[in-house]
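Source file: work-v9.cif (mmCIF, C-alpha atoms)
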data_query
#
loop_
_atom_site.label_atom_id
_atom_site.label_comp_id
_atom_site.auth_asym_id
_atom_site.auth_seq_id
_atom_site.Cartn_x
_atom_site.Cartn_y
_atom_site.Cartn_z
CA MET Y 955 2.38 -51.21 64.75
CA PRO Y 956 0.96 -53.02 61.73
CA THR Y 957 2.77 -52.08 58.54
CA ASP Y 958 -0.51 -50.69 57.19
CA HIS Y 959 -0.55 -48.15 60.04
CA LEU Y 960 3.05 -47.03 59.81
CA PRO Y 961 3.23 -43.49 58.52
CA GLU Y 962 5.36 -42.61 55.55
CA PRO Y 963 8.24 -42.44 55.14
CA TRP Y 964 8.68 -45.09 57.89
CA LYS Y 965 6.65 -47.67 56.00
CA SER Y 966 8.78 -47.40 52.86
CA PHE Y 967 12.06 -47.14 54.77
CA LEU Y 968 11.36 -50.32 56.75
CA ALA Y 969 10.08 -52.16 53.67
CA GLU Y 970 13.36 -51.45 51.86
CA LEU Y 971 15.42 -52.25 54.96
CA ASP Y 972 13.54 -55.55 55.17
CA LYS Y 973 14.71 -56.43 51.65
CA ALA Y 974 18.34 -55.99 52.74
CA GLY Y 975 18.05 -58.91 55.16
CA SER Y 976 18.63 -62.48 54.09
CA GLY Y 977 16.82 -64.21 56.93
CA GLU Y 978 15.03 -63.35 60.13
CA VAL Y 979 16.59 -60.31 61.79
CA PHE Y 980 15.60 -59.33 65.32
CA LEU Y 981 15.78 -55.72 66.47
CA HIS Y 982 15.22 -54.71 70.10
CA CYS Y 983 14.20 -51.07 69.88
CA ILE Y 984 14.13 -48.12 72.27
CA GLY Y 985 13.90 -44.36 71.88
CA GLY Y 986 11.80 -41.97 69.85
CA PHE Y 987 10.61 -44.49 67.28
CA VAL Y 988 9.19 -46.72 70.02
CA ILE Y 989 7.52 -43.90 71.94
CA THR Y 990 5.93 -42.47 68.79
CA GLN Y 991 4.86 -45.71 67.10
CA MET Y 992 4.01 -47.87 70.14
CA TYR Y 993 3.01 -45.31 72.75
CA GLY Y 994 1.41 -42.61 70.61
CA LEU Y 995 3.59 -39.57 71.25
CA SER Y 996 3.31 -37.09 68.41
CA ARG Y 997 6.80 -35.76 67.80
CA PRO Y 998 9.26 -36.14 64.97
CA THR Y 999 12.01 -38.73 65.09
CA ILE Y 1000 14.39 -39.72 62.35
CA ASP Y 1001 15.94 -42.91 63.66
CA ILE Y 1002 15.24 -46.33 65.08
CA ASP Y 1003 17.46 -46.96 68.08
CA ALA Y 1004 18.24 -50.68 68.20
CA ILE Y 1005 20.08 -52.06 71.22
CA THR Y 1006 20.21 -55.53 69.68
CA ILE Y 1007 20.40 -56.57 66.03
CA THR Y 1008 20.68 -60.33 65.63
CA PRO Y 1009 21.98 -62.40 64.05
CA SER Y 1010 25.17 -60.39 64.16
CA ASP Y 1011 26.05 -61.14 60.51
CA GLN Y 1012 22.89 -59.24 59.47
CA ARG Y 1013 23.79 -56.20 61.59
CA ALA Y 1014 26.46 -54.97 59.16
CA VAL Y 1015 24.15 -55.46 56.16
CA LEU Y 1016 21.28 -53.52 57.73
CA LEU Y 1017 23.52 -50.73 58.99
CA GLU Y 1018 25.25 -50.42 55.62
CA GLN Y 1019 21.90 -49.96 53.88
CA GLY Y 1020 19.88 -48.20 56.56
CA GLY Y 1021 22.44 -46.67 58.90
CA LYS Y 1022 23.37 -43.02 59.12
CA GLY Y 1023 24.79 -41.90 55.77
CA GLY Y 1024 23.65 -45.08 54.00
CA PRO Y 1025 21.50 -45.19 50.85
CA LEU Y 1026 18.20 -45.48 52.73
CA HIS Y 1027 19.13 -42.60 55.02
CA ARG Y 1028 19.91 -40.44 51.99
CA LYS Y 1029 16.67 -41.49 50.30
CA TYR Y 1030 14.24 -41.17 53.24
CA GLY Y 1031 16.03 -38.98 55.78
CA LEU Y 1032 15.60 -41.81 58.33
CA TYR Y 1033 18.14 -44.25 59.65
CA LEU Y 1034 18.78 -47.29 61.81
CA ASP Y 1035 21.07 -46.58 64.76
CA PHE Y 1036 22.80 -49.40 66.63
CA VAL Y 1037 22.95 -48.09 70.20
CA THR Y 1038 25.76 -49.63 72.21
CA VAL Y 1039 25.65 -47.44 75.31
CA THR Y 1040 22.43 -47.30 77.26
CA ALA Y 1041 21.31 -48.49 80.66
CA LEU Y 1042 18.32 -50.82 80.67
CA PRO Y 1043 16.81 -52.85 83.48
CA GLN Y 1044 18.35 -56.27 83.87
CA ASP Y 1045 15.36 -58.32 82.67
CA TYR Y 1046 14.11 -56.01 79.90
CA GLY Y 1047 14.33 -58.84 77.36
CA GLU Y 1048 11.63 -60.81 79.16
CA ARG Y 1049 9.19 -57.93 78.69
CA LEU Y 1050 9.75 -57.00 75.05
CA ARG Y 1051 6.60 -56.18 73.11
CA VAL Y 1052 6.28 -57.56 69.61
CA CYS Y 1053 5.66 -54.80 67.11
CA PRO Y 1054 3.06 -56.27 64.75
CA GLN Y 1055 4.27 -55.95 61.20
CA HIS Y 1056 4.24 -57.66 57.86
CA PHE Y 1057 7.88 -57.91 56.88
CA SER Y 1058 9.67 -60.89 55.40
CA HIS Y 1059 12.83 -60.58 57.48
CA LEU Y 1060 12.59 -57.82 60.08
CA ARG Y 1061 11.20 -58.64 63.51
CA LEU Y 1062 10.86 -55.49 65.58
CA PHE Y 1063 10.47 -55.61 69.36
CA ALA Y 1064 9.93 -52.65 71.65
CA VAL Y 1065 10.91 -52.35 75.28
CA ASP Y 1066 7.95 -51.96 77.62
CA ALA Y 1067 6.94 -48.51 78.85
CA TYR Y 1068 8.74 -48.75 82.22
CA ASP Y 1069 11.96 -49.97 80.64
CA LEU Y 1070 11.68 -47.25 78.01
CA ALA Y 1071 11.31 -44.60 80.70
CA LEU Y 1072 14.26 -45.97 82.68
CA SER Y 1073 16.42 -46.08 79.55
CA LYS Y 1074 16.16 -42.29 79.50
CA LEU Y 1075 17.23 -41.76 83.10
CA GLU Y 1076 20.99 -41.24 82.68
CA ARG Y 1077 20.75 -38.81 79.76
CA ASN Y 1078 17.78 -36.93 81.29
CA SER Y 1079 17.45 -34.41 78.46
CA GLU Y 1080 14.40 -32.19 78.10
CA LYS Y 1081 13.11 -34.54 75.38
CA ASP Y 1082 13.61 -37.53 77.70
CA ARG Y 1083 11.63 -35.84 80.49
CA GLU Y 1084 8.82 -35.01 78.07
CA ASP Y 1085 8.76 -38.60 76.83
CA VAL Y 1086 8.45 -39.94 80.37
CA LYS Y 1087 5.69 -37.44 81.18
CA HIS Y 1088 3.85 -38.60 78.06
CA LEU Y 1089 4.05 -42.23 79.19
CA ALA Y 1090 2.79 -41.24 82.64
CA ARG Y 1091 -0.14 -39.27 81.17
CA THR Y 1092 -1.29 -41.76 78.55
CA LEU Y 1093 -0.72 -45.19 80.09
CA PRO Y 1094 -1.73 -46.76 83.30
CA PHE Y 1095 1.70 -45.85 84.64
CA ASP Y 1096 2.39 -46.87 88.23
CA LEU Y 1097 5.12 -44.68 89.71
CA ASP Y 1098 5.77 -47.04 92.63
CA PHE Y 1099 6.29 -49.86 90.14
CA LEU Y 1100 8.70 -47.66 88.15
CA ARG Y 1101 10.70 -46.98 91.32
CA GLN Y 1102 10.75 -50.66 92.27
CA ARG Y 1103 11.97 -51.74 88.84
CA TYR Y 1104 14.67 -49.10 89.00
CA GLU Y 1105 15.86 -50.25 92.41
CA LYS Y 1106 15.65 -53.98 91.64
CA GLU Y 1107 16.93 -54.13 88.05
CA LEU Y 1108 18.82 -50.99 87.08
CA ARG Y 1109 20.36 -49.04 89.94
CA PHE Y 1110 23.30 -51.40 90.46
CA PHE Y 1111 24.31 -51.03 86.76
CA LEU Y 1112 24.66 -47.28 86.89
CA GLY Y 1113 27.94 -45.39 87.18
CA ASN Y 1114 26.46 -42.67 89.39
CA PRO Y 1115 23.42 -44.17 91.12
CA GLN Y 1116 23.05 -41.28 93.58
CA ARG Y 1117 22.56 -38.84 90.70
CA GLU Y 1118 20.03 -41.17 89.01
CA ASP Y 1119 18.24 -41.64 92.36
CA LEU Y 1120 17.74 -37.88 92.47
CA THR Y 1121 16.69 -37.72 88.81
CA LEU Y 1122 14.07 -40.44 89.31
CA LYS Y 1123 12.82 -38.73 92.48
CA LEU Y 1124 12.40 -35.44 90.60
CA TRP Y 1125 10.64 -37.17 87.69
CA ILE Y 1126 8.20 -38.83 90.06
CA GLU Y 1127 7.53 -35.58 91.95
CA THR Y 1128 6.88 -33.74 88.67
CA ILE Y 1129 4.48 -36.44 87.44
CA GLU Y 1130 2.67 -36.50 90.78
CA GLU Y 1131 2.30 -32.69 90.65
CA GLU Y 1132 0.84 -32.94 87.14
CA ARG Y 1133 -1.59 -35.59 88.33
CA GLY Y 1134 -2.59 -33.39 91.23
CA ALA Y 1135 -1.59 -36.04 93.76
#
Kindly return the structure encoded in the file as structure tokens.
Amino acid sequence: MPTDHLPEPWKSFLAELDKAGSGEVFLHCIGGFVITQMYGLSRPTIDIDAITITPSDQRAVLLEQGGKGGPLHRKYGLYLDFVTVTALPQDYGERLRVCPQHFSHLRLFAVDAYDLALSKLERNSEKDREDVKHLARTLPFDLDFLRQRYEKELRFFLGNPQREDLTLKLWIETIEEERGA
């Protein structure tokens, strides 16, 4: 995601958000921004979901400027959202993808495609299911690998693993049907 290839108004929003930082700021991102900018899904999204914003003293500054209701949100209709409740596989941090960019302070990282898909499992909205189907259609997406990562790194974190087992099973069956397997 080189800055030159970011569509407007994202490019301008992130450039101004970058100016709010006073040193390197690391954002671990999930959600619609990641799936549209890193994985090519064409759908609107108005926020960047960050599960980590470090150092913590920069979090308040960035959210004040770019968070929901802040000056950059009012100016661009986009905002930075600090997501505190989401289930991600245990070792997601080891697989983060650097989002290429040319900012002075912001360092954006995206979760990999499997972790992104699994982050959508508990909510399981229509949009989430469509996002996962997009990943399965456009990437070399191994459904057995998805299941293994779920079982090894995520299942034991979940409040209702039997429900998520069923959700994952249905997702995989739907994707396999689409593939004609």
Within 12 Å of stretch 1088-1101 of chain Y, which residues of stretch 993-1046 of chain Y show up? Give each one with its shortest atom-to-atom distance in Å (one decimal) and the two atoms involved, counting only C-alpha atoms, rows by chain then rising residue number, as a tab-separated table.
residue	atom	partner	partner_atom	distance
Y:Tyr993	CA	Y:Leu1089	CA	7.2
Y:Gly994	CA	Y:Thr1092	CA	8.4
Y:Leu995	CA	Y:His1088	CA	6.9
Y:Ser996	CA	Y:His1088	CA	9.8
Y:Arg997	CA	Y:His1088	CA	11.0
Y:Pro1043	CA	Y:Leu1100	CA	10.7
Only C-alpha atoms, please: the residues just picked out, written as a PDB file, in the frame of the given file.
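Writing done, so here's part.pdb:
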ATOM      1  CA  TYR Y 993       3.010 -45.310  72.750  1.00  0.00           C
ATOM      2  CA  GLY Y 994       1.410 -42.610  70.610  1.00  0.00           C
ATOM      3  CA  LEU Y 995       3.590 -39.570  71.250  1.00  0.00           C
ATOM      4  CA  SER Y 996       3.310 -37.090  68.410  1.00  0.00           C
ATOM      5  CA  ARG Y 997       6.800 -35.760  67.800  1.00  0.00           C
ATOM      6  CA  PRO Y1043      16.810 -52.850  83.480  1.00  0.00           C
TER       7      PRO Y1043
END
So that I can check the surroundings of Y:Tyr1033, please list as a ChimeraX atom specification every protein, DNA and RNA residue that reaches within 9 Å of it, counting all atoms listed in the file and ignoring chain neighbours fewer than 3 positions away.
/Y:967,1000-1003,1017,1019-1024,1026-1028,1030
Hey, can you check how far atom CA of Y:Leu1060 sits from atom CA of Y:Phe980?
6.2 Å
Would you list the contacts of Y:Arg1061 as a VMD selection string, taking every protein, DNA or RNA residue within 10 Å and counting only C-alpha atoms, but skipping same-chain residues closer than 5 positions in sequence?
chain Y and resid 972 978 to 982 1007 to 1008 1052 to 1056
Resulting file, chosen residues, C-alpha atoms, as a PDB file, in the coordinates of the input:
ATOM      1  CA  ASP Y 972      13.540 -55.550  55.170  1.00  0.00           C
ATOM      2  CA  GLU Y 978      15.030 -63.350  60.130  1.00  0.00           C
ATOM      3  CA  VAL Y 979      16.590 -60.310  61.790  1.00  0.00           C
ATOM      4  CA  PHE Y 980      15.600 -59.330  65.320  1.00  0.00           C
ATOM      5  CA  LEU Y 981      15.780 -55.720  66.470  1.00  0.00           C
ATOM      6  CA  HIS Y 982      15.220 -54.710  70.100  1.00  0.00           C
ATOM      7  CA  ILE Y1007      20.400 -56.570  66.030  1.00  0.00           C
ATOM      8  CA  THR Y1008      20.680 -60.330  65.630  1.00  0.00           C
ATOM      9  CA  VAL Y1052       6.280 -57.560  69.610  1.00  0.00           C
ATOM     10  CA  CYS Y1053       5.660 -54.800  67.110  1.00  0.00           C
ATOM     11  CA  PRO Y1054       3.060 -56.270  64.750  1.00  0.00           C
ATOM     12  CA  GLN Y1055       4.270 -55.950  61.200  1.00  0.00           C
ATOM     13  CA  HIS Y1056       4.240 -57.660  57.860  1.00  0.00           C
TER      14      HIS Y1056
END
Could you work out how far atom CA of Y:Ala974 lies from atom CA of Y:Ala1014, giving the answer in Å with one decimal?
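Between atom CA of Y:Ala1014 and atom CA of Y:Ala974 the gap is 10.4 Å.
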With distances taken over all atoms listed in the file, the candidate from Y:Trp964, Y:Phe1111, Y:Phe1063, Y:Tyr1068 nearest Y:Cys983 is Y:Phe1063
Calculate, to one decimal in Å, the centre and edge lengths of the box along x, y and z of the file that holds all listed atoms of stretch 970-988 of chain Y with 8 Å of margin on each side, and present them as JSON.
{"center_x": 13.9, "center_y": -53.1, "center_z": 62.0, "size_x": 25.4, "size_y": 38.2, "size_z": 36.6}
Give me, please, the distance in Å between atom CA of Y:Gly1134 and atom CA of Y:Tyr1104, quoted to one decimal.
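Computing it gives 23.4 Å between the two atoms.
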Y:Pro998, Y:Gly985, Y:Gly1031, Y:Gly1113 ranked by distance to Y:Asp1069, top pick (using only C-alpha atoms)
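Of Y:Pro998, Y:Gly985, Y:Gly1031, Y:Gly1113, the one nearest Y:Asp1069, counting only C-alpha atoms, is Y:Gly985.
Each of Y:Leu1062, Y:Leu1124, Y:Val1039, Y:Ile1005 was checked against Y:Ile984 using all atoms listed in the file; the smallest atom-to-atom distance is that of Y:Ile1005.
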Running the PyMOL selection byres ((chain Y and resi 965) around 12) on this model by hand, what would come out? Give it as a ChimeraX atom specification.
/Y:955-964,966-972,991,1030,1032,1055-1057
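Distance annotation: of Y:Asp1066, Y:Asp1085, Y:Asp1119, Y:Arg1077, the residue with the minimal separation from Y:Ala1041 is Y:Arg1077; atom set is all atoms listed in the file.
With only C-alpha atoms as the basis for measurement, Y:Val988 is the residue among Y:Glu1084, Y:Glu1118, Y:Phe1036, Y:Val988 that approaches Y:Arg1051 most closely.
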Nearest-residue call for Y:Tyr1046, choices Y:Glu1107, Y:Glu1076, Y:Asp1011, Y:Glu1018, using all atoms listed in the file:
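Closest to Y:Tyr1046, using all atoms listed in the file: Y:Glu1107.
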Dump stretch 1035-1047 of chain Y with N, CA, C and O atoms to a file, as a PDB file, in the first residue's frame.
ATOM      1  N   ASP Y1035     -10.068   3.860  14.540  1.00  0.00           N
ATOM      2  CA  ASP Y1035     -10.810   3.211  15.613  1.00  0.00           C
ATOM      3  C   ASP Y1035      -9.871   2.269  16.357  1.00  0.00           C
ATOM      4  O   ASP Y1035      -9.263   1.386  15.744  1.00  0.00           O
ATOM      5  N   PHE Y1036      -9.732   2.481  17.656  1.00  0.00           N
ATOM      6  CA  PHE Y1036      -8.925   1.595  18.488  1.00  0.00           C
ATOM      7  C   PHE Y1036      -9.837   0.472  18.962  1.00  0.00           C
ATOM      8  O   PHE Y1036     -10.738   0.682  19.765  1.00  0.00           O
ATOM      9  N   VAL Y1037      -9.616  -0.726  18.435  1.00  0.00           N
ATOM     10  CA  VAL Y1037     -10.475  -1.878  18.692  1.00  0.00           C
ATOM     11  C   VAL Y1037      -9.898  -2.658  19.870  1.00  0.00           C
ATOM     12  O   VAL Y1037      -8.782  -3.165  19.793  1.00  0.00           O
ATOM     13  N   THR Y1038     -10.666  -2.744  20.930  1.00  0.00           N
ATOM     14  CA  THR Y1038     -10.166  -3.416  22.127  1.00  0.00           C
ATOM     15  C   THR Y1038     -10.756  -4.808  22.321  1.00  0.00           C
ATOM     16  O   THR Y1038     -10.270  -5.569  23.145  1.00  0.00           O
ATOM     17  N   VAL Y1039     -11.794  -5.138  21.567  1.00  0.00           N
ATOM     18  CA  VAL Y1039     -12.417  -6.446  21.712  1.00  0.00           C
ATOM     19  C   VAL Y1039     -12.458  -7.118  20.349  1.00  0.00           C
ATOM     20  O   VAL Y1039     -13.248  -6.752  19.482  1.00  0.00           O
ATOM     21  N   THR Y1040     -11.566  -8.056  20.167  1.00  0.00           N
ATOM     22  CA  THR Y1040     -11.588  -8.904  18.981  1.00  0.00           C
ATOM     23  C   THR Y1040     -10.757 -10.136  19.289  1.00  0.00           C
ATOM     24  O   THR Y1040      -9.827 -10.074  20.096  1.00  0.00           O
ATOM     25  N   ALA Y1041     -11.107 -11.224  18.669  1.00  0.00           N
ATOM     26  CA  ALA Y1041     -10.353 -12.462  18.871  1.00  0.00           C
ATOM     27  C   ALA Y1041      -9.427 -12.660  17.680  1.00  0.00           C
ATOM     28  O   ALA Y1041      -9.876 -12.684  16.536  1.00  0.00           O
ATOM     29  N   LEU Y1042      -8.147 -12.769  17.971  1.00  0.00           N
ATOM     30  CA  LEU Y1042      -7.141 -13.018  16.944  1.00  0.00           C
ATOM     31  C   LEU Y1042      -6.317 -14.229  17.338  1.00  0.00           C
ATOM     32  O   LEU Y1042      -6.120 -14.490  18.524  1.00  0.00           O
ATOM     33  N   PRO Y1043      -5.811 -14.961  16.357  1.00  0.00           N
ATOM     34  CA  PRO Y1043      -4.939 -16.089  16.686  1.00  0.00           C
ATOM     35  C   PRO Y1043      -3.756 -15.646  17.542  1.00  0.00           C
ATOM     36  O   PRO Y1043      -3.256 -14.529  17.433  1.00  0.00           O
ATOM     37  N   GLN Y1044      -3.331 -16.556  18.388  1.00  0.00           N
ATOM     38  CA  GLN Y1044      -2.307 -16.282  19.388  1.00  0.00           C
ATOM     39  C   GLN Y1044      -1.047 -15.636  18.812  1.00  0.00           C
ATOM     40  O   GLN Y1044      -0.522 -14.693  19.373  1.00  0.00           O
ATOM     41  N   ASP Y1045      -0.532 -16.109  17.706  1.00  0.00           N
ATOM     42  CA  ASP Y1045       0.743 -15.638  17.170  1.00  0.00           C
ATOM     43  C   ASP Y1045       0.588 -14.678  15.986  1.00  0.00           C
ATOM     44  O   ASP Y1045       1.492 -14.556  15.164  1.00  0.00           O
ATOM     45  N   TYR Y1046      -0.532 -13.967  15.923  1.00  0.00           N
ATOM     46  CA  TYR Y1046      -0.766 -13.075  14.784  1.00  0.00           C
ATOM     47  C   TYR Y1046       0.377 -12.081  14.597  1.00  0.00           C
ATOM     48  O   TYR Y1046       0.727 -11.714  13.477  1.00  0.00           O
ATOM     49  N   GLY Y1047       0.953 -11.613  15.676  1.00  0.00           N
ATOM     50  CA  GLY Y1047       1.996 -10.589  15.612  1.00  0.00           C
ATOM     51  C   GLY Y1047       3.234 -11.027  14.861  1.00  0.00           C
ATOM     52  O   GLY Y1047       3.958 -10.203  14.302  1.00  0.00           O
TER      53      GLY Y1047
END
